[in-house]
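One file, final08.cif, carrying mmCIF, C-alpha atoms:
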```cif
data_structure
loop_
_atom_site.label_atom_id
_atom_site.label_comp_id
_atom_site.auth_asym_id
_atom_site.auth_seq_id
_atom_site.Cartn_x
_atom_site.Cartn_y
_atom_site.Cartn_z
CA MET A 1 -2.99 -9.22 13.10
CA ASN A 2 -0.98 -12.16 14.33
CA PRO A 3 -0.78 -14.49 11.35
CA LEU A 4 -2.87 -17.57 11.87
CA SER A 5 -2.50 -20.79 10.02
CA PRO A 6 -6.06 -22.04 9.75
CA PRO A 7 -6.38 -25.59 8.53
CA TYR A 8 -9.20 -24.74 6.12
CA VAL A 9 -7.51 -22.64 3.53
CA ARG A 10 -8.23 -22.35 -0.14
CA ASP A 11 -4.76 -22.72 -1.52
CA ASP A 12 -5.35 -22.82 -5.24
CA GLN A 13 -7.97 -22.03 -7.84
CA ARG A 14 -9.52 -25.47 -7.96
CA GLY A 15 -12.22 -24.85 -5.46
CA TYR A 16 -13.13 -24.66 -1.83
CA PRO A 17 -11.84 -27.00 0.84
CA HIS A 18 -15.36 -28.12 1.61
CA GLY A 19 -17.82 -29.12 -1.04
CA SER A 20 -21.42 -27.99 -0.91
CA SER A 21 -22.29 -31.47 0.35
CA ASP A 22 -21.06 -30.37 3.77
CA THR A 23 -24.15 -28.44 4.80
CA THR A 24 -23.91 -28.58 8.55
CA GLY A 25 -20.69 -27.08 9.80
CA GLU A 26 -17.67 -25.42 8.36
CA GLY A 27 -18.69 -26.02 4.77
CA ARG A 28 -21.94 -24.11 5.26
CA ALA A 29 -20.17 -21.38 7.24
CA TRP A 30 -17.71 -21.05 4.36
CA GLU A 31 -20.55 -20.72 1.85
CA VAL A 32 -22.20 -18.01 3.96
CA ALA A 33 -18.99 -16.04 4.44
CA ALA A 34 -17.91 -16.48 0.81
CA ALA A 35 -21.22 -15.00 -0.43
CA VAL A 36 -20.62 -11.63 1.26
CA PRO A 37 -20.29 -8.99 -1.47
CA ASP A 38 -17.23 -6.77 -1.71
CA PRO A 39 -18.38 -3.27 -0.65
CA GLU A 40 -16.46 -1.50 -3.42
CA VAL A 41 -17.02 -3.92 -6.28
CA PRO A 42 -20.37 -5.41 -5.19
CA VAL A 43 -20.64 -7.61 -8.28
CA LEU A 44 -17.96 -9.76 -6.66
CA THR A 45 -18.21 -11.75 -3.47
CA ILE A 46 -15.26 -12.03 -1.13
CA GLY A 47 -15.11 -15.67 -2.21
CA ASP A 48 -14.76 -14.63 -5.86
CA LEU A 49 -12.05 -12.14 -4.94
CA GLY A 50 -10.00 -14.63 -2.97
CA VAL A 51 -10.11 -12.34 0.04
CA LEU A 52 -11.65 -15.13 2.14
CA ARG A 53 -8.81 -17.34 3.32
CA GLY A 54 -10.22 -19.72 5.87
CA VAL A 55 -13.24 -20.75 7.94
CA VAL A 56 -13.02 -23.02 10.97
CA ILE A 57 -15.31 -23.80 13.88
CA ASP A 58 -13.31 -23.93 17.09
CA ALA A 59 -13.80 -26.17 20.13
CA ASP A 60 -16.28 -23.69 21.60
CA GLY A 61 -18.40 -23.82 18.47
CA ARG A 62 -17.44 -20.32 17.33
CA VAL A 63 -16.76 -19.64 13.68
CA GLN A 64 -13.24 -18.28 13.13
CA VAL A 65 -12.93 -16.57 9.76
CA THR A 66 -9.67 -15.47 8.15
CA VAL A 67 -9.56 -12.75 5.49
CA THR A 68 -6.73 -10.93 3.73
CA PRO A 69 -6.69 -7.40 2.27
CA THR A 70 -6.23 -6.80 -1.46
CA TYR A 71 -4.17 -3.66 -0.79
CA SER A 72 -2.59 -2.62 2.53
CA GLY A 73 -4.82 0.42 2.73
CA CYS A 74 -8.01 -1.16 1.41
CA PRO A 75 -10.74 0.84 3.17
CA ALA A 76 -13.27 -1.95 2.60
CA MET A 77 -11.72 -4.28 5.16
CA ASP A 78 -13.62 -2.90 8.14
CA ALA A 79 -16.90 -3.21 6.26
CA ILE A 80 -16.03 -6.74 5.13
CA ARG A 81 -15.30 -7.84 8.69
CA THR A 82 -18.60 -6.40 9.90
CA ASP A 83 -20.58 -7.88 6.99
CA VAL A 84 -19.09 -11.35 7.49
CA VAL A 85 -20.04 -11.37 11.17
CA GLN A 86 -23.55 -10.16 10.29
CA ALA A 87 -24.03 -12.75 7.55
CA LEU A 88 -22.89 -15.58 9.82
CA THR A 89 -25.10 -14.34 12.65
CA ASP A 90 -28.10 -14.25 10.31
CA ALA A 91 -27.28 -17.83 9.25
CA GLY A 92 -27.27 -19.00 12.86
CA PHE A 93 -23.54 -18.87 13.60
CA ALA A 94 -23.34 -16.67 16.68
CA ASN A 95 -20.23 -14.85 17.91
CA ALA A 96 -18.17 -15.31 14.76
CA VAL A 97 -14.68 -13.83 14.88
CA VAL A 98 -12.83 -12.42 11.85
CA HIS A 99 -9.03 -12.41 11.72
CA THR A 100 -6.90 -10.60 9.17
CA VAL A 101 -3.74 -12.16 7.77
CA LEU A 102 -1.19 -10.67 5.37
CA SER A 103 0.70 -13.78 4.30
CA PRO A 104 0.76 -15.06 1.70
CA ALA A 105 0.11 -11.68 0.11
CA TRP A 106 -3.00 -11.44 -2.03
CA THR A 107 -2.53 -11.23 -5.76
CA THR A 108 -5.08 -11.14 -8.55
CA ASP A 109 -4.25 -14.83 -9.10
CA TRP A 110 -6.46 -15.49 -6.06
CA MET A 111 -9.48 -14.24 -7.98
CA SER A 112 -11.63 -17.09 -9.25
CA ASP A 113 -12.49 -17.56 -12.93
CA GLU A 114 -16.10 -17.01 -11.96
CA GLY A 115 -15.06 -13.69 -10.43
CA LYS A 116 -13.31 -12.65 -13.65
CA ARG A 117 -16.38 -13.58 -15.67
CA LYS A 118 -18.63 -11.50 -13.37
CA LEU A 119 -16.29 -8.50 -13.64
CA LEU A 120 -16.37 -8.63 -17.43
CA ALA A 121 -20.16 -8.89 -17.48
CA TYR A 122 -20.29 -5.87 -15.14
CA GLY A 123 -18.15 -3.78 -17.50
CA ILE A 124 -14.81 -3.99 -15.68
CA ALA A 125 -11.89 -5.51 -17.59
CA PRO A 126 -10.62 -8.38 -15.42
CA PRO A 127 -6.96 -8.62 -14.41
CA SER A 128 -4.66 -10.18 -16.94
CA ARG A 129 -1.59 -12.22 -16.19
CA ARG A 130 0.80 -10.47 -13.84
CA THR A 131 3.82 -8.68 -15.20
CA THR A 132 6.76 -7.07 -13.47
CA THR A 133 8.62 -3.92 -14.30
CA ASN A 134 12.38 -4.00 -14.33
CA GLY A 135 13.94 -0.62 -14.84
CA PRO A 136 12.44 2.60 -16.04
CA VAL A 137 10.82 1.17 -19.15
CA LEU A 138 7.33 -0.11 -18.59
CA VAL A 139 6.10 -2.92 -20.78
CA SER A 140 2.36 -2.63 -21.03
CA LEU A 141 0.06 -5.30 -22.32
CA SER A 142 -3.14 -4.67 -24.17
CA VAL A 143 -6.37 -4.82 -22.20
CA ARG A 144 -9.54 -5.87 -23.98
CA CYS A 145 -12.52 -3.49 -23.87
CA PRO A 146 -15.27 -5.05 -21.70
CA GLN A 147 -17.97 -3.32 -23.78
CA CYS A 148 -17.07 -4.12 -27.39
CA GLY A 149 -14.23 -6.60 -26.98
CA SER A 150 -11.71 -4.58 -28.98
CA GLY A 151 -8.03 -4.87 -28.08
CA ASP A 152 -7.45 -1.31 -29.34
CA THR A 153 -7.47 0.34 -25.93
CA ARG A 154 -5.29 2.76 -24.00
CA GLU A 155 -4.57 3.55 -20.38
CA LEU A 156 -5.89 6.96 -19.32
CA SER A 157 -4.66 6.80 -15.74
CA ARG A 158 -2.72 4.20 -13.82
CA PHE A 159 -4.97 4.88 -10.84
CA GLY A 160 -8.75 4.69 -10.71
CA SER A 161 -11.80 4.94 -8.52
CA THR A 162 -10.49 2.34 -6.07
CA ALA A 163 -6.99 1.11 -5.20
CA CYS A 164 -7.48 -2.04 -7.25
CA LYS A 165 -8.47 -0.39 -10.55
CA ALA A 166 -6.95 1.72 -13.35
CA LEU A 167 -8.82 3.89 -15.84
CA TRP A 168 -8.75 2.88 -19.51
CA SER A 169 -10.58 3.85 -22.66
CA CYS A 170 -11.40 2.07 -25.90
CA ARG A 171 -10.37 3.52 -29.26
CA ALA A 172 -12.89 1.37 -31.11
CA CYS A 173 -16.12 2.18 -29.23
CA LEU A 174 -14.71 5.29 -27.48
CA GLU A 175 -16.08 4.19 -24.10
CA PRO A 176 -14.02 4.61 -20.92
CA PHE A 177 -13.79 1.61 -18.63
CA ASP A 178 -12.22 0.38 -15.39
CA HIS A 179 -9.49 -2.24 -15.49
CA PHE A 180 -8.87 -4.39 -12.44
CA LYS A 181 -5.09 -4.08 -12.09
CA ALA A 182 -3.05 -7.27 -12.12
CA ILE A 183 -0.76 -7.41 -9.12
CA MET B 1 10.42 0.87 23.47
CA THR B 2 12.26 -2.29 22.45
CA PRO B 3 14.50 -2.14 19.35
CA LEU B 4 11.94 -4.10 17.32
CA ALA B 5 9.10 -1.76 18.34
CA THR B 6 11.23 1.26 17.46
CA TYR B 7 12.12 -0.26 14.11
CA ALA B 8 8.47 -0.90 13.26
CA LEU B 9 7.67 2.63 14.38
CA ARG B 10 10.32 4.11 12.06
CA LEU B 11 8.92 2.32 9.03
CA GLY B 12 5.38 3.12 10.10
CA ASP B 13 6.05 6.82 10.68
CA ASP B 14 7.66 7.15 7.24
CA ALA B 15 4.54 5.71 5.64
CA LEU B 16 2.05 7.63 7.82
CA ILE B 17 3.63 11.05 7.34
CA LEU B 18 4.09 10.70 3.60
CA ALA B 19 0.49 9.49 3.35
CA HIS B 20 -0.62 12.69 5.05
CA ARG B 21 1.45 14.86 2.72
CA LEU B 22 0.06 13.11 -0.37
CA GLY B 23 -3.47 13.54 0.95
CA GLU B 24 -2.91 17.30 0.85
CA TRP B 25 -2.84 17.09 -2.95
CA ILE B 26 -6.42 15.86 -3.23
CA ALA B 27 -8.40 18.55 -5.08
CA ASN B 28 -5.15 20.50 -5.66
CA ALA B 29 -3.24 18.35 -8.17
CA PRO B 30 -2.55 19.61 -11.71
CA GLN B 31 -5.15 17.24 -13.15
CA LEU B 32 -7.99 15.11 -11.86
CA GLU B 33 -6.12 11.87 -12.55
CA GLU B 34 -3.33 13.09 -10.30
CA ASP B 35 -5.73 13.80 -7.45
CA VAL B 36 -6.72 10.15 -7.74
CA ALA B 37 -3.18 8.85 -8.22
CA LEU B 38 -1.61 10.71 -5.30
CA GLY B 39 -4.63 9.91 -3.12
CA ASN B 40 -4.31 6.21 -3.95
CA ILE B 41 -0.57 6.18 -3.27
CA GLY B 42 -1.26 7.89 0.04
CA LEU B 43 -3.90 5.27 0.84
CA ASP B 44 -1.44 2.43 0.24
CA LEU B 45 1.06 4.14 2.52
CA LEU B 46 -1.58 4.76 5.17
CA GLY B 47 -2.43 1.06 5.13
CA GLN B 48 1.23 0.12 5.54
CA GLY B 49 1.60 2.70 8.30
CA ARG B 50 -1.42 1.39 10.19
CA LEU B 51 -0.11 -2.18 10.14
CA LEU B 52 3.34 -1.09 11.29
CA LEU B 53 2.09 1.22 14.04
CA THR B 54 -0.26 -1.47 15.30
CA TYR B 55 2.65 -3.88 15.42
CA ALA B 56 4.91 -1.36 17.17
CA GLY B 57 2.23 -0.98 19.83
CA GLU B 58 1.85 -4.76 20.22
CA VAL B 59 5.59 -5.31 20.54
CA GLU B 60 5.92 -2.44 23.00
CA GLY B 61 3.30 -4.14 25.16
CA ALA B 62 2.12 -0.96 26.87
CA GLY B 63 -1.37 -1.10 25.40
CA ARG B 64 -0.88 1.67 22.83
CA SER B 65 -3.00 1.32 19.69
CA GLU B 66 -2.25 2.59 16.19
CA ASP B 67 -4.40 5.65 16.96
CA ASP B 68 -2.53 6.33 20.21
CA LEU B 69 0.74 6.26 18.34
CA ALA B 70 -0.45 8.32 15.37
CA PHE B 71 -2.43 10.96 17.21
CA LEU B 72 -1.14 11.23 20.75
CA ARG B 73 2.60 11.50 20.31
CA GLY B 74 4.41 14.81 20.29
CA GLU B 75 6.66 16.07 17.53
CA ARG B 76 9.91 14.78 19.03
CA ASP B 77 8.45 11.28 19.43
CA PHE B 78 8.07 10.77 15.67
CA VAL B 79 10.99 8.91 14.12
CA ASN B 80 10.28 9.34 10.40
CA LEU B 81 12.89 10.49 7.91
CA GLN B 82 12.79 14.21 7.22
CA VAL B 83 12.31 13.67 3.49
CA VAL B 84 8.73 12.42 3.97
CA GLU B 85 7.67 15.49 5.95
CA ARG B 86 8.94 18.01 3.39
CA PRO B 87 6.14 20.24 2.09
CA ASN B 88 4.54 19.42 -1.25
CA GLU B 89 5.43 22.81 -2.75
CA ASP B 90 5.49 22.65 -6.53
CA PHE B 91 4.34 19.42 -8.23
CA GLY B 92 7.95 18.90 -9.37
CA VAL B 93 9.09 18.89 -5.73
CA THR B 94 6.46 16.31 -4.83
CA ILE B 95 7.48 14.09 -7.74
CA ALA B 96 11.17 14.38 -6.81
CA ARG B 97 10.25 13.32 -3.27
CA GLN B 98 8.22 10.40 -4.65
CA LEU B 99 11.08 9.21 -6.84
CA ALA B 100 13.61 9.42 -4.01
CA PHE B 101 11.45 7.79 -1.36
CA SER B 102 9.66 5.11 -3.41
CA THR B 103 12.97 3.91 -4.89
CA TYR B 104 14.38 3.67 -1.37
CA GLN B 105 11.26 2.02 0.07
CA LEU B 106 11.03 -0.51 -2.75
CA ALA B 107 14.67 -1.61 -2.28
CA MET B 108 14.08 -1.93 1.46
CA TYR B 109 10.78 -3.83 1.31
CA ALA B 110 12.16 -6.20 -1.33
CA ARG B 111 14.66 -7.33 1.32
CA LEU B 112 12.33 -7.13 4.32
CA GLU B 113 10.07 -9.59 2.52
CA HIS B 114 12.61 -12.15 3.78
CA SER B 115 12.80 -10.76 7.33
CA THR B 116 12.95 -13.34 10.11
CA ASP B 117 10.16 -11.39 11.81
CA ALA B 118 6.92 -12.79 10.39
CA THR B 119 4.92 -9.57 10.70
CA ILE B 120 7.59 -7.33 9.15
CA ALA B 121 7.97 -9.88 6.35
CA GLY B 122 4.20 -10.01 5.83
CA VAL B 123 3.81 -6.23 5.66
CA ALA B 124 6.78 -5.96 3.29
CA ALA B 125 5.57 -8.71 0.97
CA LYS B 126 2.26 -6.88 0.55
CA ALA B 127 3.79 -3.43 0.29
CA VAL B 128 6.48 -4.29 -2.22
CA LYS B 129 3.96 -4.65 -5.04
CA GLU B 130 2.26 -1.39 -4.12
CA VAL B 131 5.51 0.54 -3.91
CA ASP B 132 6.66 -0.86 -7.25
CA TYR B 133 3.64 0.90 -8.71
CA HIS B 134 4.45 4.11 -6.80
CA ARG B 135 7.99 4.14 -8.13
CA ASP B 136 6.72 3.62 -11.63
CA HIS B 137 4.29 6.53 -11.24
CA ALA B 138 7.12 8.82 -10.10
CA THR B 139 9.39 7.60 -12.88
CA GLN B 140 6.83 8.31 -15.60
CA TRP B 141 6.40 11.88 -14.32
CA VAL B 142 10.12 12.57 -13.99
CA LEU B 143 10.61 11.45 -17.59
CA ARG B 144 7.64 13.45 -18.84
CA LEU B 145 8.54 16.64 -17.01
CA GLY B 146 12.33 16.41 -17.38
CA ASP B 147 12.21 15.65 -21.08
CA GLY B 148 9.28 17.99 -21.68
CA THR B 149 9.15 21.75 -22.15
CA ASP B 150 11.76 24.21 -20.90
CA GLU B 151 9.40 25.18 -18.09
CA SER B 152 8.59 21.62 -17.02
CA ARG B 153 12.27 20.70 -17.12
CA ARG B 154 13.22 23.75 -15.04
CA ARG B 155 10.62 22.90 -12.40
CA MET B 156 11.52 19.21 -12.26
CA GLN B 157 15.19 20.13 -11.83
CA HIS B 158 14.17 22.59 -9.11
CA GLY B 159 12.26 19.77 -7.38
CA LEU B 160 15.36 17.60 -7.35
CA GLU B 161 17.43 20.44 -5.90
CA ARG B 162 14.86 20.91 -3.10
CA ILE B 163 14.74 17.23 -2.14
CA TRP B 164 18.35 16.09 -2.58
CA PRO B 165 19.66 17.44 0.76
CA TYR B 166 17.31 14.91 2.40
CA VAL B 167 18.54 11.89 0.42
CA GLU B 168 21.64 11.13 2.46
CA GLU B 169 19.63 10.61 5.64
CA MET B 170 17.74 7.68 4.11
CA PHE B 171 20.93 5.61 3.98
CA VAL B 172 22.26 6.12 7.51
CA THR B 173 22.44 2.84 9.44
CA ASP B 174 22.65 3.15 13.22
CA ASP B 175 23.39 0.62 15.98
CA LEU B 176 19.74 -0.33 16.45
CA GLU B 177 19.31 -1.18 12.79
CA SER B 178 22.64 -3.05 12.64
CA ALA B 179 21.73 -5.20 15.65
CA LEU B 180 18.33 -6.08 14.19
CA ALA B 181 19.89 -6.74 10.79
CA ALA B 182 22.33 -9.18 12.40
CA ASP B 183 19.28 -11.14 13.56
CA GLY B 184 17.79 -11.03 10.09
CA VAL B 185 14.90 -8.82 11.21
CA ALA B 186 15.96 -5.53 9.61
CA VAL B 187 17.92 -4.48 6.57
CA GLU B 188 20.93 -2.16 6.72
CA VAL B 189 19.85 0.79 4.60
CA ALA B 190 23.46 1.81 3.99
CA GLY B 191 23.72 -1.20 1.70
CA LEU B 192 20.80 -0.07 -0.47
CA ARG B 193 22.58 3.00 -1.81
CA PRO B 194 24.20 1.44 -4.91
CA GLU B 195 20.86 0.03 -6.07
CA TRP B 196 19.16 3.37 -5.44
CA ASP B 197 21.89 5.26 -7.32
CA THR B 198 21.71 2.94 -10.30
CA TYR B 199 17.97 3.30 -10.69
CA VAL B 200 17.73 7.03 -10.02
CA ASP B 201 20.72 7.89 -12.20
CA ALA B 202 19.19 5.95 -15.11
CA VAL B 203 15.88 7.81 -14.75
CA LEU B 204 17.54 11.22 -14.47
CA ALA B 205 19.75 10.55 -17.48
CA GLU B 206 16.80 9.50 -19.61
CA ALA B 207 14.88 12.56 -18.41
CA THR B 208 17.84 14.82 -19.38
CA LEU B 209 18.04 16.04 -15.78
CA GLU B 210 21.12 16.67 -13.68
CA ARG B 211 21.73 14.91 -10.40
CA PRO B 212 22.04 17.64 -7.75
CA THR B 213 25.12 17.98 -5.56
CA PRO B 214 23.69 19.51 -2.37
CA SER B 215 25.97 21.66 -0.21
CA TRP B 216 24.43 20.35 3.01
CA THR B 217 22.58 17.24 4.18
CA ALA B 218 19.75 16.73 6.65
CA GLU B 219 19.99 14.45 9.67
CA GLY B 220 18.12 13.58 12.83
CA GLY B 221 14.69 12.32 11.78
CA ARG B 222 15.25 8.88 13.30
CA SER B 223 16.03 10.47 16.66
CA GLY B 224 13.01 12.75 16.61
CA VAL B 225 14.60 15.89 15.14
CA HIS B 226 12.34 17.39 12.49
CA THR B 227 12.08 20.40 10.23
CA GLU B 228 10.00 23.44 11.12
CA THR B 229 7.17 22.40 8.85
CA PHE B 230 6.60 19.12 10.72
CA GLY B 231 4.88 20.66 13.74
CA TYR B 232 2.24 22.17 11.48
CA LEU B 233 1.73 18.83 9.77
CA ILE B 234 1.03 16.88 12.94
CA ALA B 235 -1.08 19.72 14.34
CA GLU B 236 -3.43 19.27 11.39
CA MET B 237 -3.19 15.47 11.42
CA GLN B 238 -3.89 15.16 15.15
CA HIS B 239 -6.33 17.94 15.89
CA LEU B 240 -9.54 15.99 15.31
CA HIS B 241 -8.48 13.11 17.52
CA ARG B 242 -7.22 15.43 20.24
CA SER B 243 -10.35 17.61 20.09
CA HIS B 244 -12.61 14.57 20.53
CA PRO B 245 -10.70 12.14 22.76
CA GLY B 246 -11.84 8.57 22.40
CA ALA B 247 -14.08 9.25 19.42
CA SER B 248 -14.34 6.47 16.86
CA TRP B 249 -16.23 5.89 13.62
#
```
Could you express the structure from this file as structure tokens?
Amino acid sequence: MNPLSPPYVRDDQRGYPHGSSDTTGEGRAWEVAAAVPDPEVPVLTIGDLGVLRGVVIDADGRVQVTVTPTYSGCPAMDAIRTDVVQALTDAGFANAVVHTVLSPAWTTDWMSDEGKRKLLAYGIAPPSRRTTTNGPVLVSLSVRCPQCGSGDTRELSRFGSTACKALWSCRACLEPFDHFKAI
Amino acid sequence: MTPLATYALRLGDDALILAHRLGEWIANAPQLEEDVALGNIGLDLLGQGRLLLTYAGEVEGAGRSEDDLAFLRGERDFVNLQVVERPNEDFGVTIARQLAFSTYQLAMYARLEHSTDATIAGVAAKAVKEVDYHRDHATQWVLRLGDGTDESRRRMQHGLERIWPYVEEMFVTDDLESALAADGVAVEVAGLRPEWDTYVDAVLAEATLERPTPSWTAEGGRSGVHTETFGYLIAEMQHLHRSHPGASW
């Protein structure tokens, strides 16, 4: 868990460090790694989530991948590491190594717009802009129902089926739904 | 162990042991949503604990892994605060423990985010957002139970009375912590008390609860002295690993 500082890091929402025109080396390795689905929210890839931080090929020709957890206790990390190595192996990149870094800490701002669109289509309300709580009074913002689009929704539980989601329901269509928490 | 390894172990043990306690609520909480909530809070803490124990083992340099430290140490080798090992008892006791500890942990991590030690800072920066959510969860329950029915208020007040003797220990700064704080690695917990008081007092006042004035205070967790209940906790936590040495998933 020693923090690495890989040179190929996606540092904003504009896109990947290598375009798809780079089909031979690190660019292709990035595309392969980025396409690995998240085990808990399989509609998203780890590229969509912003969990994939960097892909480099070292002097020995080995792919060095850097990922970051969404939550400290995210139980999907072990599966993600295994899946990334498998996907790269299948694509011809042998002996890939996956490192985990904590800094900078993941936030939902790392999720791509494409990822948010996929979540909505899947029936999970995507994260809204981040808010902070100061003091005992919580200011909650409305979350739009992913089924009918109504803003007349309420939070049923601040915790949901995975660490990254909360349980909501819609007063308009009466359906319950998951909301990807903004952190 | 070096001071840094011990410091990481302290923070890690707090998180690990409270994670285990919260896990005991799964399938026993007053409502299904609380099973999920307390389980998720425990999962966050377990993640923090794993990172910190791993780091403690790396810094120690004796080849001990997170599993070695979690499952193969004896009772007196754990350096967690006593408050985190206290039994769940009534839901009100658990919520009082959550309010006390998450408020403390949030204040600490908010400062450790700027630690000169890159790993401590990295763990804290991740954890601070999680613990903010934990504190909010505890706050909502204290308000709901304290300012609820006569019965819920009585039980929430009882929870506070049960936990408050263990509050003082959270804010004891010893030489090890002071030395690391001088290097910018650690934070002196003694200095967090005013912030903790301000937040907790505001919540208790809004919840119409009274702040307890305990007649005694606990001490010794950081030097491996624990309450009677702790031996039973680690016996359950460690038995699988000890029964099947070397087993892995």
I would like the residues chosen by the PyMOL selection byres ((chain B) within 9 of (chain A)) on the shown file; could you give them as a ChimeraX atom specification?
/B:33-34,36-38,40-51,54-55,118-119,121-123,125-127,129-130,132-133,136-137,139-140,199,202-203,206
Please identify all polymer residues within 12 Å of Thr89 in chain A, counting only C-alpha atoms, omitting same-chain residues fewer than 6 positions from it, and present them as an MDAnalysis selection string.
chainID A and resid 29 32:33 62:63 82:83 95:97
Selected by the PyMOL selection byres ((chain B and resi 177-194) around 7) in the shown coordinates: which residues, as a PDB file with C-alpha atoms, in the coordinates of the input?
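Just written: selection_23.pdb:
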```
ATOM      1  CA  ALA B 107      14.670  -1.610  -2.280  1.00  0.00           C
ATOM      2  CA  MET B 108      14.080  -1.930   1.460  1.00  0.00           C
ATOM      3  CA  ARG B 111      14.660  -7.330   1.320  1.00  0.00           C
ATOM      4  CA  LEU B 112      12.330  -7.130   4.320  1.00  0.00           C
ATOM      5  CA  SER B 115      12.800 -10.760   7.330  1.00  0.00           C
ATOM      6  CA  THR B 116      12.950 -13.340  10.110  1.00  0.00           C
ATOM      7  CA  ASP B 117      10.160 -11.390  11.810  1.00  0.00           C
ATOM      8  CA  PHE B 171      20.930   5.610   3.980  1.00  0.00           C
ATOM      9  CA  VAL B 172      22.260   6.120   7.510  1.00  0.00           C
ATOM     10  CA  THR B 173      22.440   2.840   9.440  1.00  0.00           C
ATOM     11  CA  ASP B 174      22.650   3.150  13.220  1.00  0.00           C
ATOM     12  CA  ASP B 175      23.390   0.620  15.980  1.00  0.00           C
ATOM     13  CA  LEU B 176      19.740  -0.330  16.450  1.00  0.00           C
ATOM     14  CA  GLU B 195      20.860   0.030  -6.070  1.00  0.00           C
ATOM     15  CA  TRP B 196      19.160   3.370  -5.440  1.00  0.00           C
ATOM     16  CA  ASP B 197      21.890   5.260  -7.320  1.00  0.00           C
ATOM     17  CA  THR B 198      21.710   2.940 -10.300  1.00  0.00           C
TER      18      THR B 198
END
```
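Coordinates place CA of Ala19 in chain B at a distance of 18.5 Å from CA of Gly224 in chain B.
Taking only C-alpha atoms into account, Thr66 in chain A lies nearest to A:Gly47 out of the set A:Gly47, A:Gly92, A:Pro127, A:Pro39.
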Run the PyMOL selection byres ((chain A and resi 53-56) around 6) on the file and write out the hits as a ChimeraX atom specification.
/A:8-9,26,30,52,57,63-67
Do you have the CA of Leu49 in chain A-CA of Gly151 in chain A distance handy?
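One can read the CA of Leu49 in chain A to CA of Gly151 in chain A distance as 24.6 Å.
For the pair CA of Glu219 in chain B and CA of Asp77 in chain B, the interatomic distance is 15.4 Å.
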Give, as lines of an AutoDock Vina configuration file, the centre coordinates and the x, y and z edge lengths in Å to one decimal for an axis-aligned box around all listed atoms of range 112-120 of chain A, padded by 4 Å on each side.
```
center_x = -15.1
center_y = -13.0
center_z = -13.3
size_x = 15.0
size_y = 17.1
size_z = 16.2
```
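For the point (24.2, 12.5, 0.0), the residues with an atom at a distance of at most 8 Å are Trp164, Pro165, Tyr166, Val167, Glu168, Glu169, Thr213, Pro214 and Thr217 of chain B, counting only C-alpha atoms.
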Show me, as a ChimeraX atom specification, the residues that have an atom within 8 Å of range 40-46 of chain A when counting all atoms listed in the file, minus same-chain residues fewer than 5 positions from it.
/A:33-35,51-52,76,115,118-119,122,162
What lies within 8 Å of range 173-178 of chain A using all atoms listed in the file, ignoring chain neighbours under 4 positions off, as a ChimeraX atom specification?
/A:123-125,145-148,160,165-169
When you look at range 153-158 of chain B with a cut-off of 12 Å (counting all atoms listed in the file), what residues show up, excluding the ones that are within fewer than 3 positions of it in the same chain? I need them as a PyMOL selection string.
chain B and resi 89-97+99+138-139+141-150+161-164+204+207-213
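If you measure from each of B:Glu66, B:Glu24, B:Glu60, B:Asp35 to Thr6 in chain B using only C-alpha atoms, the closest one turns out to be B:Glu60.
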